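Trainee: I'd like to ask some things about the structure below.
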Amino acid sequence: MVSKLYWPERSRVPEPAILGMAREAGKGNRHIDGHLPDLIYTHDFHQYSTTRIRILLGMKENDERVLRLIVFRRLYPITDLVGAEFWEAFWECFRCHLHLWRSGIRHCDISVSNLMYDKATNCGVLNDFDLAQLRDHPCSNRTEWTGTMPFMALDLFWKAARDGKVEREYRHDAESFAWVLLWICCTYKDGKELPKRPLEFIQHDPGTTYEKKLTFRAYVEDYDVGPTASYDRKFYDAACSVLRKYVTRHHNAGCRGYSRIGEKIAEPNLLELLPDEPAAIEAELQLYRNGVASAGLYVDL
């Protein structure tokens with residue numbers, strides 16, 4: 001077992017509640033059932049809420065956070081897997097996310113550490129729902145700027161998105177999976193992260209992270225960055241193919257990115273963006289099918 005102790009905002013839908021809804025959505029759905037973390041115990045320590053602490057210290061109250069303990073059955077990093085086992089577990093996480101999204105549960109934080117696997121079943125598990133949003137819940141802020149910066153979609157670095165004016169769409173999380181796949185292939189070997197990373201997406205500010213992500217083609221093409229010995233070259237080629245499409249589409253949408261002088265992000269041409277509807281989701285899936293096929297592989301989506 002493993003425990004998670006953290007201070008979530010009380011206004012958010014609790015992670016245990018979201019997991020309960022995800023399990024309901026997974027009944028009879030093989031793409032969800034068996035691909036979620038097993039919650040064993042949860043408890044909120046209201047006596048240690050930030051509001052209570054601030055009152056006792058004579059400080060101004062702000063958005064309340066509560067100390068929460070969650071106990072899960074232990075999972076293992078997907079980066080422990082290699083070859084066909086890794087490939088299958090990765091797409092199991094992708095399909096689980098897809099079917100949850102269609103059910104109104106939006107993960108919104110796709111990252112390396114949130115893709116796990118279950119040693120008992122060897123199945124991929126989509127983990128960590130503390131930033132997840134619900135499509136039809138009044139407490140979910142669907143324009144909140146959340147995620148892990150190195151893996152966030154390029155569009156989410158627009159000023160409008162960072163200011164909380166852009167609703168999270170399926171394409172944003174879908175793009176994150178491609179950044180994660182590229183990162184794993186290039187920076188992990190034998191289950192360990194390389195001490196010197198060949199990619200520089202991890203930065204301290206959104207502007208630098210955004211610029212580094214935009215130049216990924218220079219890294220993979222001009223500097224011949226490739227996969228480690230633990231991952232098939234085709235996995236890496238598939239990630240690069242998908243990301244080239246996302247970068248091209250991002251540019252075509254009219255975003256110029258950060259200005260070196262003004263440190264501001266240009267506004268996008270919103271007319272070229274697709275809404276979050278079944279046709280838009282299918283467009284993202286087709287983008288992945290084509291990218292994977294161009295690498296000589298196949299994925300069932």
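Ordering of the structure tokens sets the chain letters (A, B, ...); residue numbers start at 1 within each chain; ligands are numbered from 1 in the order shown.
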Report as a PyMOL selection string all protein, DNA and RNA residues lying within 9 Å of Gly147 in chain A, evaluated on only C-alpha atoms, omitting residues in the same chain fewer than 4 positions from it.

Mentor: chain A and resi 108-111+131+151-152

Trainee: Which neighbours of range 78-89 of chain A fall inside 7 Å, counting only C-alpha atoms, when residues of the same chain fewer than 6 positions from it are skipped, and could you give them as an MDAnalysis selection string?

Mentor: chainID A and resid 115:117 123:124 184 188 190:191 230:232

Trainee: Just how far from CA of Asp173 in chain A is CA of Thr148 in chain A, in Å to one decimal?

Mentor: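 Between CA of Thr148 in chain A and CA of Asp173 in chain A the gap works out to 11.0 Å.
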
Trainee: For the structure I just gave you, how does DSSP split range 36-250 of chain A - specifically, which residues are alpha helix (DSSP H)? Reply as number ranges by chain.

Mentor: A: 50-56, 83-102, 159-162, 170-187, 206-214, 216-217, 233-250

Trainee: Find the spatial neighbours of Gly291 in chain A, counting only C-alpha atoms, within a cut-off of 6 Å - ignore same-chain residues fewer than 4 positions away - and output them as a ChimeraX atom specification.

Mentor: /A:238,241-242

Trainee: Closest to Pro278 in chain A among A:Leu98, A:Leu75, A:Met59, A:Val299, using only C-alpha atoms?

Mentor: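 The closest residue to Pro278 in chain A is A:Leu98.
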
Trainee: Neighbouring residues of Cys240 in chain A were defined as those with any atom within 10 Å, considering only C-alpha atoms; residues of the same chain fewer than 2 positions away were excluded. Please report them as a VMD selection string.

Mentor: chain A and resid 178 to 179 181 to 182 216 to 217 220 to 221 234 to 238 242 to 246 291 to 292 295

Trainee: Could you give me the residues within range 6-196 of chain A that DSSP places in strand (DSSP E), as a ChimeraX atom specification?

Mentor: /A:6,39-45,67-72,76-77,105-106,115-118,123-126,133-134,188-189,192-193

Trainee: If we count only C-alpha atoms, what is near Asp118 in chain A at a cut-off of 9 Å, once residues fewer than 6 positions away on the same chain are taken out, given as a PyMOL selection string?

Mentor: chain A and resi 34-35+37+74-77+124-125

Trainee: Export, as a short mmCIF file (atom, residue, chain, number, x, y, z; two decimals), in the first residue's frame, the selected residues with C-alpha atoms.

Mentor:
```
data_model
loop_
_atom_site.label_atom_id
_atom_site.label_comp_id
_atom_site.auth_asym_id
_atom_site.auth_seq_id
_atom_site.Cartn_x
_atom_site.Cartn_y
_atom_site.Cartn_z
CA GLY A 34 -8.89 -2.49 -14.21
CA HIS A 35 -7.12 0.71 -15.26
CA PRO A 37 -6.11 3.07 -8.87
CA ARG A 74 0.57 0.12 -4.63
CA LEU A 75 1.20 0.77 -8.32
CA TYR A 76 4.48 0.96 -10.21
CA PRO A 77 5.88 3.50 -12.73
CA GLY A 124 -1.63 0.26 -17.45
CA VAL A 125 -3.30 2.44 -14.78
#
```

Trainee: Using only C-alpha atoms, which residues sit within 12 Å of Thr146 in chain A once same-chain residues fewer than 4 positions away are excluded, as a VMD selection string?

Mentor: chain A and resid 106 to 111 129 to 133 141 to 142 150 to 153 156 to 157 161 to 164 166 to 168 172 to 173

Trainee: Using only C-alpha atoms, find the one residue out of A:Ser3, A:Asn29, A:Asn127, A:Thr51 that sits nearest to Val71 in chain A.

Mentor: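 For Val71 in chain A, the nearest of the candidates is A:Ser3.
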